[in-house]
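Trainee: Here you go, this is my_file.cif (mmCIF, C-alpha atoms).
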data_protein
loop_
_atom_site.label_atom_id
_atom_site.label_comp_id
_atom_site.auth_asym_id
_atom_site.auth_seq_id
_atom_site.Cartn_x
_atom_site.Cartn_y
_atom_site.Cartn_z
CA MET G 118 59.58 -43.54 26.64
CA SER G 119 59.16 -39.78 26.82
CA SER G 120 56.06 -37.92 25.62
CA ARG G 121 57.52 -34.91 23.77
CA LEU G 122 56.12 -36.29 20.51
CA LYS G 123 53.04 -38.07 21.85
CA ASP G 124 50.21 -38.26 19.28
CA LYS G 125 52.55 -37.30 16.41
CA THR G 126 53.17 -39.41 13.31
CA ALA G 127 56.43 -39.11 11.38
CA ILE G 128 57.79 -40.36 8.08
CA VAL G 129 61.57 -40.82 8.00
CA THR G 130 63.31 -41.56 4.69
CA GLY G 131 66.64 -43.31 4.47
CA ALA G 132 65.69 -44.82 7.81
CA GLY G 133 67.62 -48.05 7.51
CA SER G 134 71.02 -46.71 8.55
CA GLY G 135 73.04 -43.68 9.59
CA ILE G 136 71.31 -40.40 10.34
CA GLY G 137 67.87 -41.66 9.31
CA ARG G 138 68.07 -44.63 11.64
CA ALA G 139 69.27 -42.52 14.58
CA CYS G 140 66.53 -39.93 14.05
CA ALA G 141 63.79 -42.53 13.64
CA ILE G 142 64.77 -44.24 16.89
CA ALA G 143 64.92 -40.90 18.71
CA LEU G 144 61.51 -39.80 17.40
CA ALA G 145 59.96 -43.11 18.47
CA ARG G 146 61.63 -42.90 21.87
CA GLU G 147 59.93 -39.53 22.37
CA GLY G 148 56.50 -41.00 21.63
CA ALA G 149 56.05 -40.59 17.87
CA LYS G 150 54.57 -43.21 15.60
CA VAL G 151 57.14 -43.68 12.85
CA ALA G 152 57.02 -44.89 9.25
CA LEU G 153 60.45 -46.14 8.16
CA VAL G 154 61.14 -45.61 4.45
CA GLY G 155 64.07 -46.89 2.40
CA ARG G 156 65.23 -49.16 -0.38
CA ARG G 157 66.69 -51.92 1.82
CA LYS G 158 63.80 -53.68 3.54
CA GLU G 159 65.95 -55.84 5.80
CA ARG G 160 67.64 -52.74 7.24
CA LEU G 161 64.26 -51.11 7.91
CA GLU G 162 62.98 -54.24 9.63
CA ALA G 163 66.04 -54.24 11.90
CA VAL G 164 65.33 -50.64 12.90
CA ALA G 165 61.67 -51.49 13.50
CA ARG G 166 62.78 -54.24 15.90
CA GLU G 167 64.96 -51.74 17.76
CA ILE G 168 62.01 -49.40 18.08
CA GLY G 169 59.92 -52.21 19.47
CA GLY G 170 57.45 -53.24 16.80
CA SER G 171 55.28 -50.13 16.56
CA ALA G 172 57.04 -48.79 13.46
CA LEU G 173 55.68 -49.16 9.93
CA VAL G 174 58.19 -50.53 7.39
CA LEU G 175 57.76 -49.15 3.86
CA ASN G 176 60.22 -50.31 1.23
CA ALA G 177 60.30 -47.53 -1.39
CA ASP G 178 62.40 -45.38 -3.71
CA VAL G 179 61.76 -41.68 -2.99
CA SER G 180 62.73 -40.67 -6.52
CA ILE G 181 59.59 -42.38 -7.89
CA LEU G 182 56.32 -40.46 -7.49
CA GLN G 183 54.08 -43.53 -7.38
CA GLU G 184 56.11 -44.95 -4.50
CA ILE G 185 55.94 -41.63 -2.64
CA ASP G 186 52.15 -41.64 -3.00
CA ARG G 187 52.04 -45.17 -1.62
CA VAL G 188 54.26 -44.27 1.35
CA VAL G 189 52.07 -41.35 2.37
CA GLU G 190 48.81 -43.22 1.81
CA GLU G 191 49.92 -46.23 3.85
CA THR G 192 51.26 -44.06 6.66
CA VAL G 193 48.03 -42.07 6.96
CA SER G 194 45.94 -45.23 6.70
CA GLN G 195 47.97 -46.99 9.41
CA PHE G 196 48.33 -44.12 11.87
CA GLY G 197 45.37 -41.86 11.06
CA GLY G 198 47.30 -38.71 10.13
CA LEU G 199 50.68 -37.15 9.54
CA ASN G 200 52.57 -34.46 11.45
CA VAL G 201 56.28 -34.80 10.69
CA LEU G 202 58.37 -35.54 7.59
CA LEU G 203 62.11 -36.06 7.88
CA ASN G 204 63.73 -36.07 4.43
CA ASN G 205 67.00 -37.89 4.91
CA ALA G 206 67.47 -40.20 1.90
CA GLY G 207 70.44 -39.14 -0.18
CA VAL G 208 73.22 -40.19 -2.53
CA LEU G 209 76.79 -38.92 -2.93
CA HIS G 210 78.93 -39.07 -6.06
CA ILE G 211 82.47 -37.71 -5.92
CA GLY G 212 83.92 -35.57 -8.68
CA THR G 213 84.34 -32.17 -10.22
CA ALA G 214 81.80 -30.71 -12.65
CA GLU G 215 83.96 -32.15 -15.43
CA GLN G 216 84.27 -35.63 -13.90
CA ILE G 217 80.68 -36.27 -12.82
CA THR G 218 78.72 -38.24 -15.41
CA GLU G 219 75.25 -37.28 -16.60
CA ASP G 220 73.81 -40.37 -14.90
CA GLN G 221 75.49 -39.48 -11.60
CA TRP G 222 74.25 -35.89 -11.81
CA ASP G 223 70.71 -37.04 -12.58
CA GLU G 224 70.66 -39.59 -9.76
CA THR G 225 71.98 -37.01 -7.28
CA PHE G 226 69.25 -34.52 -8.12
CA ASP G 227 66.52 -37.16 -8.46
CA VAL G 228 67.09 -38.41 -4.91
CA ASN G 229 68.55 -35.41 -3.06
CA VAL G 230 66.28 -32.71 -4.51
CA ARG G 231 63.41 -34.09 -6.55
CA GLY G 232 62.60 -36.70 -3.91
CA VAL G 233 62.58 -34.06 -1.15
CA TRP G 234 60.34 -31.79 -3.23
CA MET G 235 57.88 -34.53 -4.25
CA LEU G 236 57.53 -36.03 -0.79
CA SER G 237 57.18 -32.61 0.84
CA ARG G 238 54.52 -31.64 -1.70
CA THR G 239 52.64 -34.88 -1.13
CA VAL G 240 52.44 -34.52 2.67
CA LEU G 241 51.19 -30.92 2.65
CA PRO G 242 47.45 -31.70 2.41
CA HIS G 243 47.71 -34.10 5.35
CA MET G 244 49.59 -31.57 7.46
CA ARG G 245 46.96 -28.93 6.66
CA GLN G 246 44.29 -31.37 7.80
CA ALA G 247 46.22 -31.91 11.04
CA GLY G 248 46.38 -28.16 11.65
CA GLY G 249 50.08 -27.91 10.89
CA GLY G 250 53.24 -29.93 10.74
CA SER G 251 57.02 -30.01 10.60
CA ILE G 252 59.18 -30.85 7.59
CA ILE G 253 62.84 -31.47 8.45
CA ASN G 254 65.31 -31.69 5.59
CA ILE G 255 68.73 -33.23 6.08
CA ALA G 256 70.92 -31.00 3.91
CA SER G 257 74.68 -30.57 4.48
CA VAL G 258 77.31 -28.00 5.35
CA LEU G 259 78.16 -28.40 1.66
CA GLY G 260 74.83 -26.78 0.93
CA ILE G 261 76.31 -23.68 2.59
CA ASN G 262 80.00 -23.89 1.64
CA GLY G 263 81.56 -25.58 -1.36
CA ALA G 264 84.27 -28.24 -1.36
CA ARG G 265 86.58 -29.97 -3.78
CA ASN G 266 85.17 -32.89 -5.79
CA ARG G 267 81.60 -32.39 -4.60
CA ALA G 268 80.12 -30.53 -7.60
CA SER G 269 76.86 -32.47 -7.87
CA TYR G 270 76.40 -33.22 -4.17
CA ALA G 271 77.01 -29.66 -2.96
CA ALA G 272 74.79 -28.24 -5.70
CA SER G 273 71.99 -30.61 -4.69
CA LYS G 274 72.25 -29.74 -1.00
CA GLY G 275 72.33 -26.03 -1.81
CA ALA G 276 69.05 -26.60 -3.63
CA VAL G 277 67.63 -28.31 -0.53
CA VAL G 278 68.63 -25.35 1.64
CA LEU G 279 66.80 -22.85 -0.59
CA LEU G 280 63.81 -25.15 -1.08
CA THR G 281 63.59 -25.26 2.72
CA LYS G 282 63.48 -21.48 2.96
CA CYS G 283 60.98 -21.07 0.13
CA MET G 284 58.60 -23.67 1.58
CA ALA G 285 58.90 -22.09 5.02
CA ILE G 286 57.76 -18.77 3.56
CA ASP G 287 54.97 -20.29 1.46
CA HIS G 288 53.51 -22.55 4.14
CA GLY G 289 54.20 -20.68 7.36
CA PRO G 290 50.65 -19.19 7.30
CA GLU G 291 49.34 -22.78 7.40
CA ASN G 292 51.39 -23.57 10.52
CA ILE G 293 53.60 -25.89 8.48
CA ARG G 294 57.21 -25.37 9.49
CA VAL G 295 60.16 -26.30 7.26
CA ASN G 296 63.74 -26.40 8.54
CA ALA G 297 67.06 -27.93 7.51
CA ILE G 298 69.79 -29.71 9.45
CA CYS G 299 73.25 -29.41 7.86
CA PRO G 300 75.65 -32.09 9.07
CA SER G 301 79.36 -32.05 8.38
CA PHE G 302 81.26 -35.33 7.96
CA VAL G 303 79.23 -37.91 9.88
CA GLU G 304 80.29 -41.56 10.18
CA THR G 305 77.68 -43.42 8.15
CA ASP G 306 77.70 -46.18 5.52
CA LEU G 307 77.79 -43.43 2.88
CA THR G 308 80.86 -41.67 4.26
CA ALA G 309 82.56 -44.97 5.15
CA SER G 310 82.34 -45.86 1.46
CA VAL G 311 83.96 -42.53 0.55
CA ILE G 312 86.86 -43.13 2.94
CA SER G 313 87.36 -46.76 1.92
CA LYS G 314 87.76 -45.81 -1.75
CA ALA G 315 90.55 -43.32 -1.03
CA PRO G 316 94.16 -44.34 -1.83
CA ASN G 317 95.06 -43.84 1.85
CA PRO G 318 91.87 -44.21 3.95
CA GLU G 319 93.59 -43.60 7.29
CA GLN G 320 95.14 -40.37 6.05
CA VAL G 321 91.76 -39.20 4.73
CA ARG G 322 90.17 -39.92 8.11
CA LYS G 323 92.86 -37.86 9.88
CA GLU G 324 92.40 -34.98 7.45
CA ARG G 325 88.62 -35.02 7.83
CA THR G 326 88.91 -35.08 11.62
CA ALA G 327 91.45 -32.25 11.69
CA VAL G 328 89.07 -29.71 10.12
CA HIS G 329 86.59 -30.11 12.99
CA PRO G 330 87.51 -28.07 16.10
CA LEU G 331 85.79 -30.59 18.37
CA GLY G 332 88.38 -33.13 17.29
CA ARG G 333 86.15 -35.92 16.04
CA LEU G 334 83.88 -36.86 13.19
CA GLY G 335 80.15 -36.68 13.71
CA ARG G 336 77.91 -39.52 14.83
CA PRO G 337 74.37 -40.07 13.52
CA GLU G 338 73.06 -39.53 17.04
CA ASP G 339 74.47 -35.99 16.98
CA MET G 340 71.63 -35.08 14.59
CA ALA G 341 68.84 -36.87 16.44
CA GLY G 342 68.34 -34.41 19.30
CA LEU G 343 67.83 -31.49 16.94
CA ALA G 344 65.45 -33.58 14.83
CA VAL G 345 63.33 -34.28 17.92
CA TYR G 346 63.29 -30.60 18.82
CA LEU G 347 62.24 -29.55 15.31
CA ALA G 348 59.53 -32.23 15.26
CA SER G 349 58.15 -31.12 18.61
CA ASP G 350 55.96 -28.20 19.61
CA GLU G 351 58.97 -26.75 21.43
CA SER G 352 60.10 -25.35 18.06
CA SER G 353 56.69 -23.89 17.20
CA TRP G 354 58.26 -20.50 16.27
CA VAL G 355 61.14 -21.95 14.27
CA THR G 356 60.87 -22.13 10.48
CA GLY G 357 63.09 -21.45 7.50
CA ALA G 358 66.14 -22.07 9.68
CA VAL G 359 69.29 -23.83 8.52
CA PHE G 360 71.17 -25.49 11.38
CA PRO G 361 74.82 -26.54 10.92
CA VAL G 362 75.60 -29.49 13.18
CA ASP G 363 79.23 -29.76 12.22
CA GLY G 364 81.70 -29.98 15.09
CA GLY G 365 82.74 -26.42 14.33
CA TYR G 366 83.61 -27.08 10.68
CA LEU G 367 82.07 -23.87 9.36
CA ALA G 368 83.73 -21.80 12.10
CA VAL G 369 87.23 -22.53 10.79
#
Written as structure tokens, how would this file's structure read?
Mentor:
Amino acid sequence: MSSRLKDKTAIVTGAGSGIGRACAIALAREGAKVALVGRRKERLEAVAREIGGSALVLNADVSILQEIDRVVEETVSQFGGLNVLLNNAGVLHIGTAEQITEDQWDETFDVNVRGVWMLSRTVLPHMRQAGGGSIINIASVLGINGARNRASYAASKGAVVLLTKCMAIDHGPENIRVNAICPSFVETDLTASVISKAPNPEQVRKERTAVHPLGRLGRPEDMAGLAVYLASDESSWVTGAVFPVDGGYLAV
């Protein structure tokens, strides 16, 4: 175990799989105490076993304020403080503005935006008490550029990008840094579901791969190194930044 994050406590949402899992493991490997948050308890418990038993498992829905309050209270009670929040939980519904249903739109914004806002707001007093902190939002390249059939998802991630910048401005004087990581197409359960529902999944995979100059789709671990950096004191003069980690997607 390294010590880049020694004495730091982190909350990671959507920690049971994909990017959240990879980031949680990387943060713990670098010395952080980690609270794993998600809706599937068995997945969180599996990640906790990988970390080695020091992680706190908190089964919760980040779109519900009462559950957010419980997550933060239990984390602070267990670990004695809070330094890092990694907002990763998210949902994806496919469709144009005409095709997306009201329920799909509402769920997208409840989880992808409202949950990020409420959890970030809730941790602020604890980060002030700690003398500062780091909030890391997992947005998307689709929060920067649009795409076909992603009307609700791209709109929600665009909101996360601008919330990141506004919070960075508002809370920079308190030494609370807020940054966003913007992945492109990363192989997770979420994106696997998107591919599997396509009429020709193999063709979709080839098309997705072809738009990335590095010639492959992303892996969850590709996000973890940047998450560690943004959580650490090495990034003490970095805030309001939006980092594409996209295999060159936005360069095309």
Trainee: Between CA of Val154 in chain G and CA of Pro361 in chain G, measure the distance and give it in Å to one decimal.
Mentor: 24.3 Å
Trainee: Which residues are close to Gly133 in chain G, i.e. within 12 Å by all atoms listed in the file, leaving aside same-chain residues fewer than 2 positions away? Reply as an MDAnalysis selection string.
Mentor: chainID G and resid 129:131 135:142 152:167 174:177 205:206 305:306
Trainee: Taking only residues of range 132-240 of chain G that have an atom at most 12 Å from an atom of range 270-283 of chain G, what is each one's shortest atom pair and its distance in Å to one decimal, using all atoms listed in the file, in chain and number order, as a tab-separated table?
Mentor:
residue	atom	partner	partner_atom	distance
G:Asn204	CA	G:Val277	CA	10.0
G:Asn205	CA	G:Val277	CA	11.0
G:Ala206	CA	G:Lys274	CA	11.9
G:Gly207	CA	G:Tyr270	CA	9.3
G:Val208	CA	G:Tyr270	CA	7.8
G:Leu209	CA	G:Tyr270	CA	5.8
G:His210	CA	G:Tyr270	CA	6.6
G:Ile211	CA	G:Tyr270	CA	7.8
G:Gly212	CA	G:Tyr270	CA	9.1
G:Thr213	CA	G:Tyr270	CA	10.0
G:Ala214	CA	G:Ala272	CA	10.2
G:Ile217	CA	G:Tyr270	CA	10.1
G:Gln221	CA	G:Tyr270	CA	9.8
G:Trp222	CA	G:Tyr270	CA	8.4
G:Asp223	CA	G:Ser273	CA	10.3
G:Glu224	CA	G:Tyr270	CA	10.2
G:Thr225	CA	G:Tyr270	CA	6.6
G:Phe226	CA	G:Ser273	CA	5.9
G:Asp227	CA	G:Ser273	CA	9.3
G:Val228	CA	G:Ser273	CA	9.2
G:Asn229	CA	G:Ser273	CA	6.1
G:Val230	CA	G:Val277	CA	6.1
G:Arg231	CA	G:Val277	CA	9.4
G:Gly232	CA	G:Val277	CA	10.3
G:Val233	CA	G:Val277	CA	7.7
G:Trp234	CA	G:Leu280	CA	7.8
G:Met235	CA	G:Leu280	CA	11.5
G:Ser237	CA	G:Thr281	CA	9.9
G:Arg238	CA	G:Leu280	CA	11.3
Trainee: For each of G:Arg265, G:His243, G:Arg325, G:Arg294, take the minimum atom-to-atom distance to Ser194 in chain G, counting all atoms listed in the file, then give the residue where this is smallest.
Mentor: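 Of all the options, G:His243 lies closest to Ser194 in chain G.
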Trainee: What does the distance from CA of Leu259 in chain G to CA of Ala297 in chain G come to in Å, to one decimal?
Mentor: 12.6 Å
Trainee: Quick one: of G:Ser313, G:Asn292, G:Ser134, G:Gln183, who's nearest to Pro337 in chain G, counting only C-alpha atoms?
Mentor: G:Ser134
Trainee: Give me, please, the distance in Å between CA of Asp124 in chain G and CA of Gly148 in chain G, quoted to one decimal.
Mentor: 7.3 Å
Trainee: Pull out every residue that the PyMOL selection byres ((chain G and resi 253) around 8) matches in the shown coordinates and put them as a list in words.
Mentor: Val201, Leu202, Leu203, Asn204, Ser251, Ile252, Asn254, Ile255, Val295, Asn296, Ala297, Ile298, Ala344, Leu347 and Ala348 of chain G
Trainee: Nearest to Thr326 in chain G: which of G:Ala172, G:Val362, G:Val303, G:Val258 is it, counting only C-alpha atoms?
Mentor: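 Nearest to Thr326 in chain G: G:Val303.
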Trainee: Quick one: residues within 10 Å of Leu334 in chain G, only C-alpha atoms counted, chain neighbours fewer than 3 positions away excluded, as a count of residues only?
Mentor: 15
Trainee: Can you pull out the residues contacting Gly197 in chain G? Cut-off 12 Å, using all atoms listed in the file, and skip same-chain residues under 4 positions away; I want them as a PyMOL selection string.
Mentor: chain G and resi 124-127+150+189-193+243-244+246-247
Trainee: Pick from G:Thr308, G:Ser257, G:Asn262, G:Asn317: nearest to Met340 in chain G, with all atoms listed in the file counted?
Mentor: G:Ser257
Trainee: Pick out the closest residue to Phe196 in chain G from this set: G:Val359, G:Cys299, G:Ala149, G:Val321. Count only C-alpha atoms.
Mentor: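 Among the listed residues, the smallest separation from Phe196 in chain G belongs to G:Ala149.
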